[in-house]
Each structure stands twice: as structure tokens, then as C-alpha cells.
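Chemist: See input.cif below, with mmCIF, C-alpha atoms.
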data_model
#
loop_
_atom_site.label_atom_id
_atom_site.label_comp_id
_atom_site.auth_asym_id
_atom_site.auth_seq_id
_atom_site.Cartn_x
_atom_site.Cartn_y
_atom_site.Cartn_z
CA MET D 1 -75.36 -104.32 67.42
CA ASN D 2 -78.06 -106.74 66.25
CA GLY D 3 -81.39 -106.40 68.09
CA LEU D 4 -85.08 -105.80 67.71
CA GLU D 5 -86.19 -102.18 67.99
CA LEU D 6 -89.04 -99.87 67.00
CA ALA D 7 -88.54 -96.99 64.59
CA THR D 8 -91.45 -94.98 66.11
CA PRO D 9 -92.23 -96.43 69.55
CA LEU D 10 -94.59 -93.54 70.35
CA ALA D 11 -97.07 -95.12 67.95
CA LEU D 12 -97.83 -97.71 70.65
CA ALA D 13 -99.69 -94.95 72.52
CA LEU D 14 -102.50 -95.49 70.00
CA LEU D 15 -103.23 -99.01 71.29
CA PRO D 16 -105.90 -97.98 73.88
CA ALA D 17 -107.55 -95.52 71.47
CA PRO D 18 -110.53 -97.79 70.49
CA LEU D 19 -111.26 -98.57 74.14
CA ALA D 20 -111.11 -94.88 75.05
CA LEU D 21 -113.47 -94.00 72.20
CA ARG D 22 -115.87 -96.73 73.21
CA ILE D 23 -115.96 -95.43 76.79
CA LEU D 24 -116.44 -91.82 75.68
CA LEU D 25 -119.11 -92.59 73.11
CA GLY D 26 -120.86 -95.01 75.47
CA ALA D 27 -121.02 -92.38 78.21
CA ARG D 28 -122.52 -89.83 75.86
CA ALA D 29 -125.13 -92.27 74.54
CA ALA D 30 -126.28 -93.37 78.01
CA PRO D 31 -128.48 -90.30 78.83
CA GLY D 32 -130.42 -90.72 75.60
CA GLY D 33 -133.83 -92.39 75.85
CA GLY D 34 -135.58 -94.86 73.62
CA LEU D 35 -138.97 -96.37 73.17
CA PRO D 36 -139.64 -99.21 75.59
CA LEU D 37 -140.39 -102.49 73.84
CA PRO D 38 -142.93 -105.01 75.00
CA ALA D 39 -141.54 -108.11 76.62
CA THR D 40 -142.75 -110.41 73.83
CA ILE D 41 -140.96 -108.33 71.16
CA ARG D 42 -137.81 -108.22 73.24
CA GLN D 43 -137.90 -111.99 73.58
CA ARG D 44 -138.42 -112.46 69.84
CA LEU D 45 -135.56 -110.07 69.02
CA GLY D 46 -133.35 -111.91 71.47
CA ALA D 47 -134.14 -115.25 69.82
CA ASP D 48 -133.38 -113.86 66.34
CA ALA D 49 -130.13 -112.33 67.52
CA SER D 50 -128.78 -115.49 69.09
CA PRO D 51 -126.65 -116.40 66.03
CA ASN D 52 -125.20 -112.87 66.03
CA ARG D 53 -124.39 -113.18 69.68
CA LEU D 54 -122.26 -116.17 68.84
CA ARG D 55 -120.47 -114.06 66.25
CA LEU D 56 -119.79 -111.09 68.51
CA PRO D 57 -116.80 -112.59 70.35
CA TRP D 58 -115.15 -113.61 67.05
CA ARG D 59 -115.73 -110.17 65.54
CA ALA D 60 -114.40 -108.48 68.63
CA VAL D 61 -111.23 -110.58 68.53
CA ALA D 62 -110.75 -109.91 64.80
CA GLY D 63 -111.21 -106.18 65.29
CA ALA D 64 -108.82 -106.06 68.21
CA LEU D 65 -106.24 -108.10 66.30
CA ALA D 66 -106.50 -105.82 63.27
CA TRP D 67 -106.01 -102.71 65.40
CA VAL D 68 -103.10 -104.09 67.44
CA CYS D 69 -101.28 -105.30 64.34
CA LEU D 70 -101.88 -102.00 62.57
CA VAL D 71 -100.39 -100.06 65.49
CA LEU D 72 -97.42 -102.44 65.60
CA ALA D 73 -96.83 -101.87 61.90
CA LEU D 74 -96.96 -98.10 62.47
CA ALA D 75 -94.40 -98.48 65.25
CA GLY D 76 -91.96 -99.89 62.68
CA PRO D 77 -90.40 -103.00 64.16
CA ARG D 78 -86.95 -103.67 62.71
CA ILE D 79 -83.71 -105.47 63.38
CA ALA D 80 -80.62 -103.27 63.41
CA GLY D 81 -77.24 -104.50 62.28
CA ALA D 82 -73.86 -102.97 61.48
CA VAL D 83 -71.95 -103.52 58.26
CA ALA D 84 -68.33 -102.45 58.07
CA ALA D 85 -67.94 -99.73 55.44
CA LEU D 86 -65.18 -99.56 52.88
CA PRO D 87 -62.41 -97.06 53.64
CA ALA D 88 -63.65 -93.68 52.48
CA ALA D 89 -60.67 -92.18 50.70
CA GLY D 90 -62.41 -89.63 48.47
CA ARG D 91 -59.83 -90.20 45.75
CA ASP D 92 -60.03 -90.76 41.99
CA ILE D 93 -57.08 -92.56 40.39
CA MET D 94 -56.60 -92.89 36.65
CA LEU D 95 -54.00 -95.36 35.39
CA ALA D 96 -52.48 -94.40 32.02
CA LEU D 97 -50.62 -97.46 30.73
CA ASP D 98 -48.34 -97.84 27.72
CA LEU D 99 -49.37 -100.60 25.27
CA SER D 100 -46.82 -99.82 22.58
CA GLY D 101 -45.04 -102.55 20.65
CA SER D 102 -41.98 -102.47 22.90
CA MET D 103 -44.11 -103.88 25.75
CA THR D 104 -43.76 -107.29 24.12
CA LYS D 105 -40.03 -107.32 24.84
CA THR D 106 -39.10 -110.17 27.20
CA ASP D 107 -36.50 -108.62 29.48
CA PHE D 108 -38.22 -109.12 32.84
CA GLU D 109 -38.79 -112.02 35.18
CA LEU D 110 -41.98 -113.05 36.90
CA ASP D 111 -41.75 -115.78 39.57
CA GLY D 112 -38.31 -116.73 38.28
CA VAL D 113 -39.47 -117.12 34.67
CA ALA D 114 -38.72 -114.79 31.78
CA ALA D 115 -41.70 -112.54 31.12
CA SER D 116 -42.66 -109.69 28.86
CA ARG D 117 -43.04 -106.15 30.07
CA LEU D 118 -46.77 -106.42 29.44
CA ALA D 119 -47.09 -109.54 31.61
CA VAL D 120 -45.23 -107.84 34.46
CA LEU D 121 -47.37 -104.73 34.07
CA LYS D 122 -50.58 -106.76 34.24
CA HIS D 123 -49.42 -108.68 37.31
CA PHE D 124 -48.33 -105.77 39.44
CA GLY D 125 -50.94 -103.40 38.00
CA ALA D 126 -53.72 -105.77 39.07
CA GLU D 127 -52.22 -105.97 42.56
CA LEU D 128 -52.14 -102.18 42.78
CA ILE D 129 -55.77 -101.93 41.71
CA HIS D 130 -56.92 -104.52 44.26
CA ARG D 131 -55.13 -102.63 47.05
CA ARG D 132 -57.06 -99.43 46.35
CA ALA D 133 -60.31 -100.38 48.09
CA GLY D 134 -62.23 -97.17 48.76
CA ASP D 135 -60.77 -95.33 45.75
CA ARG D 136 -62.36 -94.99 42.36
CA VAL D 137 -59.93 -96.35 39.78
CA GLY D 138 -60.10 -95.97 35.99
CA LEU D 139 -57.93 -97.20 33.14
CA VAL D 140 -56.58 -95.49 30.01
CA VAL D 141 -54.26 -97.31 27.59
CA PHE D 142 -52.21 -95.64 24.90
CA ALA D 143 -49.81 -96.40 22.08
CA GLU D 144 -50.25 -94.59 18.76
CA THR D 145 -53.59 -93.34 20.06
CA ALA D 146 -55.28 -93.40 23.47
CA PHE D 147 -58.30 -95.39 24.57
CA ALA D 148 -60.43 -95.19 27.74
CA ALA D 149 -60.54 -98.88 28.69
CA ALA D 150 -62.39 -98.60 32.01
CA PRO D 151 -64.25 -95.64 33.59
CA SER D 152 -63.53 -94.63 37.16
CA SER D 153 -65.24 -97.16 39.39
CA PHE D 154 -65.29 -98.65 42.87
CA ASP D 155 -65.61 -102.04 41.18
CA LEU D 156 -61.90 -102.82 41.33
CA ARG D 157 -62.42 -106.39 40.19
CA ALA D 158 -63.93 -105.18 36.91
CA VAL D 159 -61.11 -102.68 36.33
CA SER D 160 -58.52 -105.37 37.04
CA ALA D 161 -60.25 -107.77 34.63
CA THR D 162 -60.14 -105.08 31.96
CA LEU D 163 -56.41 -104.65 32.49
CA GLU D 164 -55.90 -108.41 32.17
CA SER D 165 -57.68 -108.38 28.81
CA MET D 166 -55.49 -105.69 27.25
CA GLU D 167 -53.28 -106.76 24.34
CA ILE D 168 -50.61 -105.11 22.21
CA GLY D 169 -51.93 -103.67 18.97
CA LEU D 170 -55.31 -102.48 20.24
CA VAL D 171 -54.27 -98.83 19.90
CA GLY D 172 -51.27 -99.10 17.58
CA ARG D 173 -47.63 -99.74 18.35
CA SER D 174 -46.06 -96.28 18.77
CA THR D 175 -45.87 -94.28 22.01
CA ALA D 176 -48.08 -91.20 22.34
CA ILE D 177 -47.51 -90.27 25.97
CA GLY D 178 -49.16 -86.89 25.57
CA GLU D 179 -52.31 -88.45 24.13
CA GLY D 180 -52.58 -90.99 26.95
CA LEU D 181 -52.02 -88.38 29.63
CA GLY D 182 -54.49 -85.99 27.99
CA LEU D 183 -57.24 -88.61 27.86
CA ALA D 184 -56.63 -89.53 31.50
CA LEU D 185 -57.09 -85.87 32.45
CA LYS D 186 -60.26 -85.67 30.39
CA ARG D 187 -61.68 -88.64 32.26
CA LEU D 188 -60.98 -86.82 35.54
CA SER D 189 -62.31 -83.44 34.42
CA ASP D 190 -65.84 -84.08 35.74
CA SER D 191 -64.69 -85.68 38.97
CA THR D 192 -65.63 -83.91 42.19
CA ALA D 193 -63.30 -86.02 44.34
CA PRO D 194 -61.12 -83.96 46.70
CA SER D 195 -58.03 -85.83 45.48
CA ARG D 196 -57.36 -86.74 41.84
CA LEU D 197 -54.23 -88.30 40.44
CA VAL D 198 -52.83 -89.99 37.36
CA ILE D 199 -50.27 -92.80 37.46
CA LEU D 200 -48.60 -92.94 34.05
CA LEU D 201 -46.42 -95.88 33.06
CA SER D 202 -44.36 -95.96 29.90
CA ASP D 203 -41.47 -98.04 28.58
CA GLY D 204 -40.39 -95.72 25.77
CA ALA D 205 -40.18 -92.16 24.50
CA ASN D 206 -42.94 -89.95 23.16
CA ASN D 207 -42.84 -90.50 19.39
CA ALA D 208 -46.46 -90.16 18.29
CA GLY D 209 -49.50 -87.95 18.76
CA SER D 210 -49.93 -84.20 18.56
CA SER D 211 -49.89 -83.40 22.29
CA GLU D 212 -46.66 -82.51 24.05
CA PRO D 213 -46.45 -84.36 27.38
CA ALA D 214 -45.03 -81.32 29.21
CA ALA D 215 -47.89 -79.11 28.00
CA VAL D 216 -50.44 -81.68 29.13
CA ALA D 217 -48.68 -81.84 32.50
CA GLU D 218 -49.13 -78.06 32.81
CA LEU D 219 -52.84 -78.59 32.18
CA ALA D 220 -52.92 -81.21 34.93
CA ARG D 221 -51.33 -78.79 37.38
CA GLY D 222 -53.98 -76.19 36.50
CA MET D 223 -56.70 -78.77 37.14
CA GLY D 224 -55.23 -79.75 40.50
CA VAL D 225 -54.45 -83.29 39.33
CA THR D 226 -51.26 -84.87 40.71
CA LEU D 227 -49.08 -86.82 38.27
CA PHE D 228 -46.92 -89.82 39.08
CA THR D 229 -44.82 -91.54 36.43
CA ILE D 230 -43.06 -94.90 36.21
CA GLY D 231 -40.42 -95.74 33.63
CA LEU D 232 -40.51 -99.46 32.86
CA GLY D 233 -37.51 -100.99 31.11
CA VAL D 234 -33.84 -101.88 31.47
CA ASP D 235 -32.17 -99.07 29.47
CA ASP D 236 -32.61 -95.30 29.34
CA THR D 237 -32.41 -93.02 26.32
CA SER D 238 -29.70 -91.08 28.16
CA SER D 239 -27.34 -94.06 27.95
CA LYS D 240 -28.69 -95.64 24.75
CA PRO D 241 -30.23 -92.87 22.63
CA ASP D 242 -30.45 -95.10 19.54
CA ASP D 243 -32.29 -97.93 21.29
CA PRO D 244 -35.97 -97.81 20.22
CA ASP D 245 -36.93 -99.76 23.37
CA ALA D 246 -35.15 -97.44 25.82
CA VAL D 247 -37.12 -95.41 28.37
CA ASP D 248 -37.10 -91.61 28.19
CA PHE D 249 -36.99 -91.33 31.97
CA ALA D 250 -35.85 -87.71 31.88
CA ALA D 251 -39.13 -86.79 30.16
CA LEU D 252 -41.12 -88.80 32.70
CA GLN D 253 -39.33 -87.00 35.53
CA HIS D 254 -40.14 -83.64 33.95
CA ILE D 255 -43.83 -84.59 33.64
CA ALA D 256 -43.99 -85.64 37.30
CA GLU D 257 -42.24 -82.45 38.47
CA ILE D 258 -44.72 -80.26 36.61
CA GLY D 259 -47.65 -82.31 37.92
CA GLY D 260 -46.52 -82.09 41.54
CA GLY D 261 -45.88 -85.82 41.89
CA ALA D 262 -42.82 -88.07 41.63
CA ALA D 263 -41.12 -90.28 39.05
CA PHE D 264 -39.94 -93.83 39.61
CA ARG D 265 -37.67 -96.18 37.69
CA ALA D 266 -38.54 -99.89 37.36
CA ARG D 267 -35.93 -102.19 35.76
CA THR D 268 -37.32 -105.33 37.42
CA GLY D 269 -40.66 -106.59 38.61
CA ALA D 270 -39.60 -106.01 42.21
CA GLU D 271 -38.78 -102.38 41.42
CA LEU D 272 -42.16 -101.96 39.73
CA GLU D 273 -43.92 -103.23 42.83
CA ALA D 274 -41.76 -100.96 45.00
CA ALA D 275 -42.68 -98.00 42.78
CA THR D 276 -46.42 -98.62 43.11
CA ARG D 277 -46.14 -98.98 46.88
CA ALA D 278 -44.06 -95.81 47.11
CA ILE D 279 -46.78 -93.91 45.25
CA GLU D 280 -49.37 -95.28 47.65
CA ALA D 281 -47.23 -94.11 50.56
CA LEU D 282 -47.08 -90.59 49.11
CA ILE D 283 -50.80 -90.18 48.72
CA ALA D 284 -53.04 -89.75 51.74
CA GLY D 285 -54.04 -92.99 53.41
CA PRO D 286 -57.66 -94.15 53.53
CA ALA D 287 -59.81 -92.88 56.36
CA PRO D 288 -61.99 -95.67 57.74
CA ALA D 289 -65.62 -94.67 57.67
CA PRO D 290 -67.88 -95.47 60.64
CA PRO D 291 -69.89 -98.68 60.33
CA THR D 292 -73.01 -98.36 58.24
CA VAL D 293 -76.16 -99.26 60.18
CA ILE D 294 -78.68 -101.18 58.12
CA PHE D 295 -82.15 -102.26 59.17
CA ARG D 296 -84.22 -105.28 58.29
CA GLU D 297 -87.73 -103.88 58.31
CA LEU D 298 -90.39 -106.13 59.91
CA TRP D 299 -93.46 -103.88 59.75
CA ILE D 300 -94.80 -105.78 56.75
CA TYR D 301 -95.61 -108.83 58.91
CA PRO D 302 -97.98 -107.14 61.41
CA GLY D 303 -99.24 -104.99 58.55
CA ALA D 304 -100.21 -108.06 56.52
CA LEU D 305 -101.88 -109.66 59.56
CA ALA D 306 -103.86 -106.48 60.20
CA PHE D 307 -105.01 -106.45 56.59
CA CYS D 308 -106.15 -110.08 56.76
CA ALA D 309 -108.04 -109.50 60.01
CA ALA D 310 -109.71 -106.37 58.59
CA MET D 311 -110.74 -108.22 55.42
CA ALA D 312 -112.22 -111.07 57.46
CA LEU D 313 -114.13 -108.53 59.57
CA ALA D 314 -115.42 -106.75 56.45
CA LEU D 315 -116.59 -110.00 54.86
CA SER D 316 -118.36 -111.01 58.06
CA THR D 317 -120.14 -107.65 58.19
CA ARG D 318 -121.26 -108.04 54.60
CA GLU D 319 -122.72 -111.49 55.30
CA ARG D 320 -124.66 -110.14 58.28
CA ARG D 321 -126.18 -107.40 56.14
#
Starting from the coordinates I provided, produce the structure as C-alpha cells.

Modeler:
Amino acid sequence: MNGLELATPLALALLPAPLALRILLGARAAPGGGLPLPATIRQRLGADASPNRLRLPWRAVAGALAWVCLVLALAGPRIAGAVAALPAAGRDIMLALDLSGSMTKTDFELDGVAASRLAVLKHFGAELIHRRAGDRVGLVVFAETAFAAAPSSFDLRAVSATLESMEIGLVGRSTAIGEGLGLALKRLSDSTAPSRLVILLSDGANNAGSSEPAAVAELARGMGVTLFTIGLGVDDTSSKPDDPDAVDFAALQHIAEIGGGAAFRARTGAELEAATRAIEALIAGPAPAPPTVIFRELWIYPGALAFCAAMALALSTRERR
């Protein structure tokens, strides 16, 4: 698609304008009379004007160059090129991630090596973020309280870097699911995106905060925000109710049902990756936007040349006077 073109080619019709004016004005001035000069005076005037006669061709060239370059600048020469656009999804995604103390538990594997829940979350969470080109992604972390770590942004690299920097203890060590979900909804309240969703990940049960997760999920449904939840951990509270590190997956399922989404269980890193990909399959796929046409404007070059020629012509006229 690269090529030289003119933004306003009709401007080239102005090129013969000075010649046309000269012909018209010359024709009108011809019938006019003047006083005849004696031959001696004419000869003297001709001798005095000889230096100017040498200047006339140069001045004519400078004037013509200034006019031609000015018209070319008005025509708007430019080089067109196409740049592939990002997929235009029109979607805002807020990740609400649990940073409670139980995320330090080392009961997962990452590349065959024992890893903490937090390390696994960072690894697969960053991969999810990088796959969402065309979406605006934001980050909320919660434990005893909730904190907006990254605003919704197309800069997925920055959001991913923020996730990598998160550490246990920044917002306490308890698990306030309702607070984290509520803050995620607040961050989406001003969004005008046609599709808004929250992906909430927790490895425990709601044991802090003043907001009931189910009530916040009702608020999300009223706002038109879809909720997806992921329970990260080996054991559930249904089988081990006394285990402080067990996942309350029943509560996460209830939240997702109210919010019109789905709940997923992740007992291994592979299951966590499968859960994130399943969520991506459930939401509408990105719609590729048409290529964006950009132009490299070239009018400044003939415009600058016209200015230089006009300045030279003006200085020459001043010297003559």
C-alpha cells in the first residue's frame, strides 16, 4: 500500500494562474498610451537598466520556483502506508487476585519444581494478560483489604510487570473476597466498554471485610458485569472444613452463578492454565480491525523551498529599491 500520492490534487490547477494573470493584465494594459520619450533618453535609460536586465531572468526563475513549490505544498504530497491494527475487542477485564497469607503455601509445581501458589499465579496470570491484546486489562489485589494495583490499560506489559511485583503482606494476610470483588467493580463502573468482566481468583474462604461476596455479585449483575471465578488450591472446605488453607469453592461457584459467568477449579498449574483458557473461550473472540492507514506528510519540503525562494526574491527587490 506504500506509494506517493497527493491529498488535494486539484490544487495543481493553480499552477498556470500567474501566467493567466499576466496575459490578462498585459492585454488590458496594451491599449493605454504613454508619453513618447526621445531617443537619447531611451538610450540612457536602457544603459542604466542593463544590470537589472541581467537580474530579470534570475528573479523570474525564483518567482516561478516559489509559486510551483507553494502549489505543490498545497497539493499535500504524502506517502501512504498500512499498519496492522490490534484486534478491537471492546472489552474491559479486571483481574481480582488473592494475596492472602495462604498463597505462600508450596503445594504446586512449576516446570517440575515445587512452587508456591503465588509463583504459579504470577506465571499463568502473566501469560493470560499477554494473550489479551486488544482488551483493556486492570489489576486488583486483595487480602485483608483490597488495593487497585493497575488501572485498566492496553499496556499489557505494564500490567504484567505490576503482577510480577506483587508480594504477600502488601494488603494483609486474611481473605476479603467481597472487598476485592467490590473494588474491581468500582474500577469498572466508569467503563463504557460493551463487554466488562471480572476474573476473581482465590485460594481460601471469605474471612475478612464487611462486604458479602454474594451481595457484591448481585451488584455486578445489576451493572452488567460478568463474573468468572477460579479456586486455586488442593483441598476444598467441603472436604476439609477445618483447614485454613482450603478453598471455599462452593462460595466461588455461587458468586459466578449470580454474576452470569462460570467457576473453575485449579489444583495444579496445568488446571490453572486450562481454567484461564476456558474463560477466554467463553468470552467473545477479538474482532480484527481493518488496517490503519497512516501518512508520512511531505508538504513541508516544497513549502520550505517556496519560502526560501520567496525570501530571496524579497531581498533582491529590497536591494533594487

Chemist: Just checking: using only C-alpha atoms, which residue out of D:Leu19, D:Glu144, D:Asp235, D:Thr192 ends up closest to Ser211 of chain D?

Modeler: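 Of D:Leu19, D:Glu144, D:Asp235, D:Thr192, the one nearest Ser211 of chain D, counting only C-alpha atoms, is D:Glu144.
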
Chemist: Which is closer to Ala13 of chain D than all the others in D:Val68, D:Gly209, D:Tyr301, D:Pro57, using only C-alpha atoms?

Modeler: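 Looking at the shortest contact to Ala13 of chain D, the residue is D:Val68.
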
Chemist: Can you spell out as JSON, numbers by chain the set of residues that the PyMOL selection byres ((chain D and resi 91) around 8) selects in the structure I just provided?

Modeler: {"D": [89, 90, 92, 93, 134, 135, 136, 193, 194, 195, 196, 197]}

Chemist: Could you work out how far atom CA of Ala310 of chain D lies from atom CA of Ala7 of chain D, giving the answer in Å with one decimal?

Modeler: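 Atom CA of Ala310 of chain D lies 23.9 Å from atom CA of Ala7 of chain D.
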
Chemist: When distances are computed from only C-alpha atoms, which of D:Lys240, D:Arg265, D:Arg157, D:Arg221 shows the smallest separation from Ala133 of chain D?

Modeler: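 Closest to Ala133 of chain D, using only C-alpha atoms: D:Arg157.
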
Chemist: Mind checking which residues fall within 8 Å of segment 118-132 of chain D, counting all atoms listed in the file, ignoring those fewer than 5 positions away in the same chain, and posting them as an MDAnalysis selection string?

Modeler: chainID D and resid 99 103:104 108:110 137 156:157 159:160 163:164 269 272:273 276:277

Chemist: Store the residues of this selection in a file with C-alpha atoms, as a compact mmCIF listing (two decimals), in the frame of the given file.

Modeler:
# COMPACT_ATOMS: atom_id res chain seq x y z
CA LEU D 99 -49.37 -100.60 25.27
CA MET D 103 -44.11 -103.88 25.75
CA THR D 104 -43.76 -107.29 24.12
CA PHE D 108 -38.22 -109.12 32.84
CA GLU D 109 -38.79 -112.02 35.18
CA LEU D 110 -41.98 -113.05 36.90
CA VAL D 137 -59.93 -96.35 39.78
CA LEU D 156 -61.90 -102.82 41.33
CA ARG D 157 -62.42 -106.39 40.19
CA VAL D 159 -61.11 -102.68 36.33
CA SER D 160 -58.52 -105.37 37.04
CA LEU D 163 -56.41 -104.65 32.49
CA GLU D 164 -55.90 -108.41 32.17
CA GLY D 269 -40.66 -106.59 38.61
CA LEU D 272 -42.16 -101.96 39.73
CA GLU D 273 -43.92 -103.23 42.83
CA THR D 276 -46.42 -98.62 43.11
CA ARG D 277 -46.14 -98.98 46.88

Chemist: Taking the file as shown, find all residues satisfying the PyMOL selection byres ((chain D and resi 170) around 12) and write them as a list in words.

Modeler: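 After applying the PyMOL selection byres ((chain D and resi 170) around 12), what remains is Asp98, Leu99, Ser100, Gly101, Val141, Phe142, Ala143, Glu144, Thr145, Ala146, Phe147, Ala148, Ala149, Ser165, Met166, Glu167, Ile168, Gly169, Val171, Gly172, Arg173 and Ser174 of chain D.
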
Chemist: One number please: atom CA of Glu257 of chain D to atom CA of Pro213 of chain D, in Å, one decimal.

Modeler: 12.0 Å

Chemist: Under the rule that all atoms listed in the file are counted, which of D:Trp58, D:Leu15, D:Ser239, D:Ile79 is the nearest residue to Gly3 of chain D?

Modeler: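 Result for the nearest residue to Gly3 of chain D: D:Ile79.
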
Chemist: Restricting the calculation to only C-alpha atoms, which member of D:Ala304, D:Ala11, D:Leu201, D:Ala314 is positioned closest to Ala266 of chain D?

Modeler: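 Between D:Ala304, D:Ala11, D:Leu201, D:Ala314, the residue approaching Ala266 of chain D most closely is D:Leu201.
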
Chemist: Taking the file as shown, what set of residues would the PyMOL selection byres ((chain D and resi 9) around 10) give back, as a list in words?

Modeler: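 This file gives the following for the PyMOL selection byres ((chain D and resi 9) around 10): Glu5, Leu6, Ala7, Thr8, Leu10, Ala11, Leu12, Ala13, Val71, Leu72, Leu74, Ala75, Gly76 and Pro77 of chain D.
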
Chemist: Go through D:Gly204, D:Pro16, D:Pro151, D:Gly222 one by one, measure the shortest atom-to-atom distance of each to Ser191 of chain D using all atoms listed in the file, and give the residue with the smallest value.

Modeler: D:Pro151

Chemist: Rounded to one decimal, what separation in Å do you get between atom CA of Ala263 of chain D and atom CA of Phe228 of chain D?

Modeler: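 Between atom CA of Ala263 of chain D and atom CA of Phe228 of chain D the gap is 5.8 Å.
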
Chemist: Within 10 Å of (-49.3, -86.7, 32.9), all atoms listed in the file: residues as an MDAnalysis selection string?

Modeler: chainID D and resid 96 177:185 197:201 213:221 225:229 252 254:259 261

Chemist: Atoms to include: C-alpha atoms. Write the selected residues as a PDB file, keeping the file's coordinate frame.

Modeler:
ATOM      1  CA  ALA D  96     -52.480 -94.400  32.020  1.00  0.00           C
ATOM      2  CA  ILE D 177     -47.510 -90.270  25.970  1.00  0.00           C
ATOM      3  CA  GLY D 178     -49.160 -86.890  25.570  1.00  0.00           C
ATOM      4  CA  GLU D 179     -52.310 -88.450  24.130  1.00  0.00           C
ATOM      5  CA  GLY D 180     -52.580 -90.990  26.950  1.00  0.00           C
ATOM      6  CA  LEU D 181     -52.020 -88.380  29.630  1.00  0.00           C
ATOM      7  CA  GLY D 182     -54.490 -85.990  27.990  1.00  0.00           C
ATOM      8  CA  LEU D 183     -57.240 -88.610  27.860  1.00  0.00           C
ATOM      9  CA  ALA D 184     -56.630 -89.530  31.500  1.00  0.00           C
ATOM     10  CA  LEU D 185     -57.090 -85.870  32.450  1.00  0.00           C
ATOM     11  CA  LEU D 197     -54.230 -88.300  40.440  1.00  0.00           C
ATOM     12  CA  VAL D 198     -52.830 -89.990  37.360  1.00  0.00           C
ATOM     13  CA  ILE D 199     -50.270 -92.800  37.460  1.00  0.00           C
ATOM     14  CA  LEU D 200     -48.600 -92.940  34.050  1.00  0.00           C
ATOM     15  CA  LEU D 201     -46.420 -95.880  33.060  1.00  0.00           C
ATOM     16  CA  PRO D 213     -46.450 -84.360  27.380  1.00  0.00           C
ATOM     17  CA  ALA D 214     -45.030 -81.320  29.210  1.00  0.00           C
ATOM     18  CA  ALA D 215     -47.890 -79.110  28.000  1.00  0.00           C
ATOM     19  CA  VAL D 216     -50.440 -81.680  29.130  1.00  0.00           C
ATOM     20  CA  ALA D 217     -48.680 -81.840  32.500  1.00  0.00           C
ATOM     21  CA  GLU D 218     -49.130 -78.060  32.810  1.00  0.00           C
ATOM     22  CA  LEU D 219     -52.840 -78.590  32.180  1.00  0.00           C
ATOM     23  CA  ALA D 220     -52.920 -81.210  34.930  1.00  0.00           C
ATOM     24  CA  ARG D 221     -51.330 -78.790  37.380  1.00  0.00           C
ATOM     25  CA  VAL D 225     -54.450 -83.290  39.330  1.00  0.00           C
ATOM     26  CA  THR D 226     -51.260 -84.870  40.710  1.00  0.00           C
ATOM     27  CA  LEU D 227     -49.080 -86.820  38.270  1.00  0.00           C
ATOM     28  CA  PHE D 228     -46.920 -89.820  39.080  1.00  0.00           C
ATOM     29  CA  THR D 229     -44.820 -91.540  36.430  1.00  0.00           C
ATOM     30  CA  LEU D 252     -41.120 -88.800  32.700  1.00  0.00           C
ATOM     31  CA  HIS D 254     -40.140 -83.640  33.950  1.00  0.00           C
ATOM     32  CA  ILE D 255     -43.830 -84.590  33.640  1.00  0.00           C
ATOM     33  CA  ALA D 256     -43.990 -85.640  37.300  1.00  0.00           C
ATOM     34  CA  GLU D 257     -42.240 -82.450  38.470  1.00  0.00           C
ATOM     35  CA  ILE D 258     -44.720 -80.260  36.610  1.00  0.00           C
ATOM     36  CA  GLY D 259     -47.650 -82.310  37.920  1.00  0.00           C
ATOM     37  CA  GLY D 261     -45.880 -85.820  41.890  1.00  0.00           C
TER      38      GLY D 261
END

Chemist: I'd like the contact shell of Phe295 of chain D - 8 Å cut-off, only C-alpha atoms, skipping same-chain residues fewer than 6 positions apart - returned as a ChimeraX atom specification.

Modeler: /D:78-81

Chemist: From the block I gave, I'd like segment 68-115 of chain D written with C-alpha atoms, as a short mmCIF file (atom, residue, chain, number, x, y, z; two decimals), in the first residue's frame.

Modeler:
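File produced: part13.cif:
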data_model
loop_
_atom_site.label_atom_id
_atom_site.label_comp_id
_atom_site.auth_asym_id
_atom_site.auth_seq_id
_atom_site.Cartn_x
_atom_site.Cartn_y
_atom_site.Cartn_z
CA VAL D 68 5.38 25.98 -8.10
CA CYS D 69 6.64 24.82 -4.71
CA LEU D 70 3.82 26.63 -2.93
CA VAL D 71 1.22 24.91 -5.12
CA LEU D 72 2.91 21.55 -4.55
CA ALA D 73 2.77 22.12 -0.81
CA LEU D 74 -0.94 22.97 -1.08
CA ALA D 75 -1.49 19.75 -3.02
CA GLY D 76 -0.25 17.82 0.03
CA PRO D 77 2.23 15.23 -1.18
CA ARG D 78 2.39 12.24 1.15
CA ILE D 79 3.39 8.61 1.32
CA ALA D 80 0.63 6.23 2.36
CA GLY D 81 1.30 3.09 4.33
CA ALA D 82 -0.76 0.50 6.20
CA VAL D 83 -0.14 -0.56 9.78
CA ALA D 84 -1.88 -3.64 11.11
CA ALA D 85 -4.21 -2.67 13.95
CA LEU D 86 -4.56 -4.52 17.21
CA PRO D 87 -7.65 -6.73 17.50
CA ALA D 88 -10.51 -4.47 18.52
CA ALA D 89 -12.31 -6.42 21.21
CA GLY D 90 -14.10 -3.61 23.04
CA ARG D 91 -13.67 -5.44 26.34
CA ASP D 92 -12.55 -4.38 29.82
CA ILE D 93 -11.16 -7.13 32.05
CA MET D 94 -10.40 -6.66 35.73
CA LEU D 95 -8.35 -9.34 37.48
CA ALA D 96 -9.09 -9.64 41.22
CA LEU D 97 -6.32 -11.76 42.74
CA ASP D 98 -5.98 -13.18 46.25
CA LEU D 99 -2.75 -12.20 48.05
CA SER D 100 -3.63 -13.69 51.42
CA GLY D 101 -1.06 -15.48 53.56
CA SER D 102 -2.08 -18.93 52.31
CA MET D 103 -0.70 -18.03 48.86
CA THR D 104 2.77 -18.72 50.23
CA LYS D 105 1.94 -22.41 50.63
CA THR D 106 4.17 -24.57 48.42
CA ASP D 107 1.81 -27.24 47.14
CA PHE D 108 2.15 -26.65 43.40
CA GLU D 109 4.74 -27.42 40.76
CA LEU D 110 6.13 -25.14 38.10
CA ASP D 111 8.34 -26.70 35.40
CA GLY D 112 8.75 -29.80 37.56
CA VAL D 113 9.89 -27.85 40.63
CA ALA D 114 7.90 -27.23 43.79
CA ALA D 115 6.42 -23.74 43.74
#
